[in-house]
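Shown next, in structure tokens, is the structure this report addresses.
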Amino acid sequence: MAQGTLILICGLPGAGKTTLARRLALQRGAVRMCPDDWIEAMLADPTDVIERDRLRDPVENLQWELAKEWLRFGHIVILENGFWSEEERTQYACEAIAIGALIELFYTEAPDFDRLWSRVSSRNIEITGSPFVMSINEL
Ligand SMILES: Nc1ncnc2c1ncn2[C@@H]1O[C@H](COP(=O)(O)OP(=O)(O)OP(=O)(O)O)[C@@H](O)[C@H]1O
Ligand SMILES: [Mg+2]
């Protein structure tokens, strides 16, 4: 059976993770899983930030279990959870290696804070009304 590949996309909010993940998914024929997409689809009330935050861990865990199934069958899987902590990145990588997969880590960044905010502002317009609109203070 083909060897699976786990692609982890790491980066600050608005740094370009989803943009890169979508491009890689098309280029590599990969399965892309983004927690925000699922959380948004599950929210009865898009303004409910407590429920949004509560859903993050269970959704990430579900996606990780699914990702490991795809990896075992030799697929390329892209996860774009941010992966801000080295401990988290290491844990995902170790589990993927244990099931025989290869790892690729991508880091997205903007040149400076102003340009990061400019990207987040543009993204805010693209996702108007979504629970993931982010203010400059949150960023
Ligand atoms: N390399 C880039 N140069 C300039 N703009 C970019 C670049 N990558 C992404 N953008 C733009 O920046 C905005 C944020 O990009 P994207 O949604 O991919 O970020 P993200 O890291 O997934 O954000 P989040 O963490 O909030 O999910 C979008 O409007 C996107 O078009
Ligand atoms: Mg994103």
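Following the order of the structure tokens, chains are lettered A, B, ..., residues in each are numbered from 1, and ligands are numbered from 1.
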Ligand 2: which residues are within 9 Å, counting only C-alpha atoms and all ligand atoms, as a tab-separated table (two decimals) with C-alpha atoms, in the first residue's frame?
```tsv
chain	number	residue	atom	x	y	z
A	13	PRO	CA	-4.58	33.83	12.22
A	14	GLY	CA	-4.91	35.27	8.74
A	15	ALA	CA	-1.35	34.32	7.74
A	16	GLY	CA	-2.60	32.36	4.71
A	17	LYS	CA	-3.07	28.79	5.95
A	18	THR	CA	-6.38	28.12	4.18
A	19	THR	CA	-5.17	29.75	0.96
A	21	ALA	CA	-3.98	24.44	2.00
A	34	CYS	CA	-10.17	22.58	8.34
A	35	PRO	CA	-11.81	22.68	11.81
A	36	ASP	CA	-13.32	26.14	11.17
A	37	ASP	CA	-15.36	24.81	8.21
A	80	GLU	CA	-4.60	23.54	8.94
A	81	ASN	CA	-5.25	23.87	12.67
A	82	GLY	CA	-2.61	26.56	13.20
```
Tell me, as number ranges by chain, which residues lie within 10 Å of A:Ala110, counting only C-alpha atoms; anything in the same chain fewer than 5 positions away does not count. A: 11-12, 14-16, 115-119
I need the residues from that last selection saved to file as an mmCIF file, in the first residue's frame (with C-alpha atoms), if you can.
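Heads up, here's the output in part.cif:
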```
data_model
loop_
_atom_site.group_PDB
_atom_site.id
_atom_site.type_symbol
_atom_site.label_atom_id
_atom_site.label_comp_id
_atom_site.auth_asym_id
_atom_site.auth_seq_id
_atom_site.Cartn_x
_atom_site.Cartn_y
_atom_site.Cartn_z
ATOM 1 C CA GLY A 11 0.750 29.998 11.134
ATOM 2 C CA LEU A 12 -0.942 32.905 12.872
ATOM 3 C CA GLY A 14 -4.906 35.266 8.737
ATOM 4 C CA ALA A 15 -1.354 34.324 7.743
ATOM 5 C CA GLY A 16 -2.597 32.364 4.713
ATOM 6 C CA ARG A 115 0.153 43.341 6.424
ATOM 7 C CA LEU A 116 -1.190 40.549 8.640
ATOM 8 C CA TRP A 117 -4.062 42.852 9.697
ATOM 9 C CA SER A 118 -4.646 43.797 6.072
ATOM 10 C CA ARG A 119 -5.024 40.085 5.201
#
```
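With only C-alpha atoms as the atoms that count, the minimum distance from A:Arg89 to the choices A:Ala44, A:Ile9, A:Ile76, A:Met1 is reached by A:Ile9.
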Near-A:Arg28 list (12 Å; only C-alpha atoms; drop same-chain fewer than 4 positions) as a short mmCIF file (atom, residue, chain, number, x, y, z; two decimals) with C-alpha atoms, in the first residue's frame:
```cif
data_model
loop_
_atom_site.label_atom_id
_atom_site.label_comp_id
_atom_site.auth_asym_id
_atom_site.auth_seq_id
_atom_site.Cartn_x
_atom_site.Cartn_y
_atom_site.Cartn_z
CA THR A 5 1.70 11.91 3.87
CA LEU A 6 0.55 14.28 6.59
CA ILE A 7 0.84 17.98 5.72
CA LEU A 20 -2.06 27.55 0.93
CA ALA A 21 -3.98 24.44 2.00
CA ARG A 22 -6.50 24.83 -0.84
CA ARG A 23 -3.69 25.25 -3.37
CA LEU A 24 -1.79 22.21 -2.07
CA ARG A 32 -7.95 18.98 3.26
CA HIS A 75 -3.54 9.33 1.06
CA ILE A 76 -2.13 12.83 1.43
CA VAL A 77 -3.93 14.68 4.25
CA ILE A 78 -3.70 18.40 4.96
#
```
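Around A:Trp38, within 12 Å and counting only C-alpha atoms, the residues found are Arg32, Met33, Cys34, Met42, Leu43, Arg52, Leu55, Arg56, Asp57, Pro58, Val59, Glu60, Leu62, Gln63 and Pro131 of chain A, once anything fewer than 4 positions away on its own chain is removed.
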Could those selected residues go to a file with N, CA and C atoms, as an mmCIF file, in the first residue's frame?
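See selection_0.cif below for the written result:
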```
data_model
loop_
_atom_site.group_PDB
_atom_site.id
_atom_site.type_symbol
_atom_site.label_atom_id
_atom_site.label_comp_id
_atom_site.auth_asym_id
_atom_site.auth_seq_id
_atom_site.Cartn_x
_atom_site.Cartn_y
_atom_site.Cartn_z
ATOM 1 N N ARG A 32 -8.200 17.830 2.378
ATOM 2 C CA ARG A 32 -7.953 18.978 3.257
ATOM 3 C C ARG A 32 -9.030 19.022 4.324
ATOM 4 N N MET A 33 -8.622 19.114 5.586
ATOM 5 C CA MET A 33 -9.619 19.253 6.650
ATOM 6 C C MET A 33 -9.313 20.489 7.492
ATOM 7 N N CYS A 34 -10.338 21.326 7.620
ATOM 8 C CA CYS A 34 -10.173 22.584 8.344
ATOM 9 C C CYS A 34 -11.232 22.642 9.452
ATOM 10 N N MET A 42 -21.712 23.497 11.966
ATOM 11 C CA MET A 42 -22.454 22.910 13.087
ATOM 12 C C MET A 42 -23.149 23.942 13.970
ATOM 13 N N LEU A 43 -22.732 25.205 13.888
ATOM 14 C CA LEU A 43 -23.288 26.219 14.796
ATOM 15 C C LEU A 43 -24.723 26.589 14.421
ATOM 16 N N ARG A 52 -18.841 27.963 19.733
ATOM 17 C CA ARG A 52 -17.762 27.891 18.735
ATOM 18 C C ARG A 52 -16.482 27.369 19.384
ATOM 19 N N LEU A 55 -16.687 23.643 20.546
ATOM 20 C CA LEU A 55 -16.637 22.645 19.476
ATOM 21 C C LEU A 55 -15.217 22.370 18.966
ATOM 22 N N ARG A 56 -14.278 23.286 19.263
ATOM 23 C CA ARG A 56 -12.962 23.159 18.630
ATOM 24 C C ARG A 56 -12.272 21.828 18.955
ATOM 25 N N ASP A 57 -12.180 21.481 20.230
ATOM 26 C CA ASP A 57 -11.463 20.241 20.585
ATOM 27 C C ASP A 57 -12.124 18.999 19.989
ATOM 28 N N PRO A 58 -13.472 18.822 20.181
ATOM 29 C CA PRO A 58 -14.072 17.628 19.583
ATOM 30 C C PRO A 58 -13.929 17.562 18.066
ATOM 31 N N VAL A 59 -14.039 18.710 17.388
ATOM 32 C CA VAL A 59 -13.922 18.691 15.921
ATOM 33 C C VAL A 59 -12.485 18.359 15.515
ATOM 34 N N GLU A 60 -11.515 18.960 16.210
ATOM 35 C CA GLU A 60 -10.121 18.647 15.862
ATOM 36 C C GLU A 60 -9.825 17.168 16.109
ATOM 37 N N LEU A 62 -12.020 14.652 16.031
ATOM 38 C CA LEU A 62 -12.690 13.870 14.975
ATOM 39 C C LEU A 62 -11.899 13.914 13.676
ATOM 40 N N GLN A 63 -11.442 15.114 13.315
ATOM 41 C CA GLN A 63 -10.697 15.254 12.058
ATOM 42 C C GLN A 63 -9.388 14.471 12.123
ATOM 43 N N PRO A 131 -18.746 33.294 12.303
ATOM 44 C CA PRO A 131 -18.245 33.436 13.669
ATOM 45 C C PRO A 131 -16.728 33.608 13.721
#
```
Test item, alpha helix (DSSP H) assignment across chain A, answer as JSON, numbers by chain
{"A": [17, 18, 19, 20, 21, 22, 23, 24, 25, 26, 27, 28, 35, 36, 37, 38, 39, 40, 41, 42, 49, 50, 51, 52, 53, 54, 55, 56, 57, 58, 59, 60, 61, 62, 63, 64, 65, 66, 67, 68, 69, 70, 71, 72, 86, 87, 88, 89, 90, 91, 92, 93, 94, 95, 96, 97, 98, 113, 114, 115, 116, 117, 118, 119, 120, 121, 122, 123, 124, 125, 126]}
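Picture a line from atom CA of A:Ile50 to atom 18 (O, counted along the ligand's line) of ligand 1; it runs 23.8 Å.
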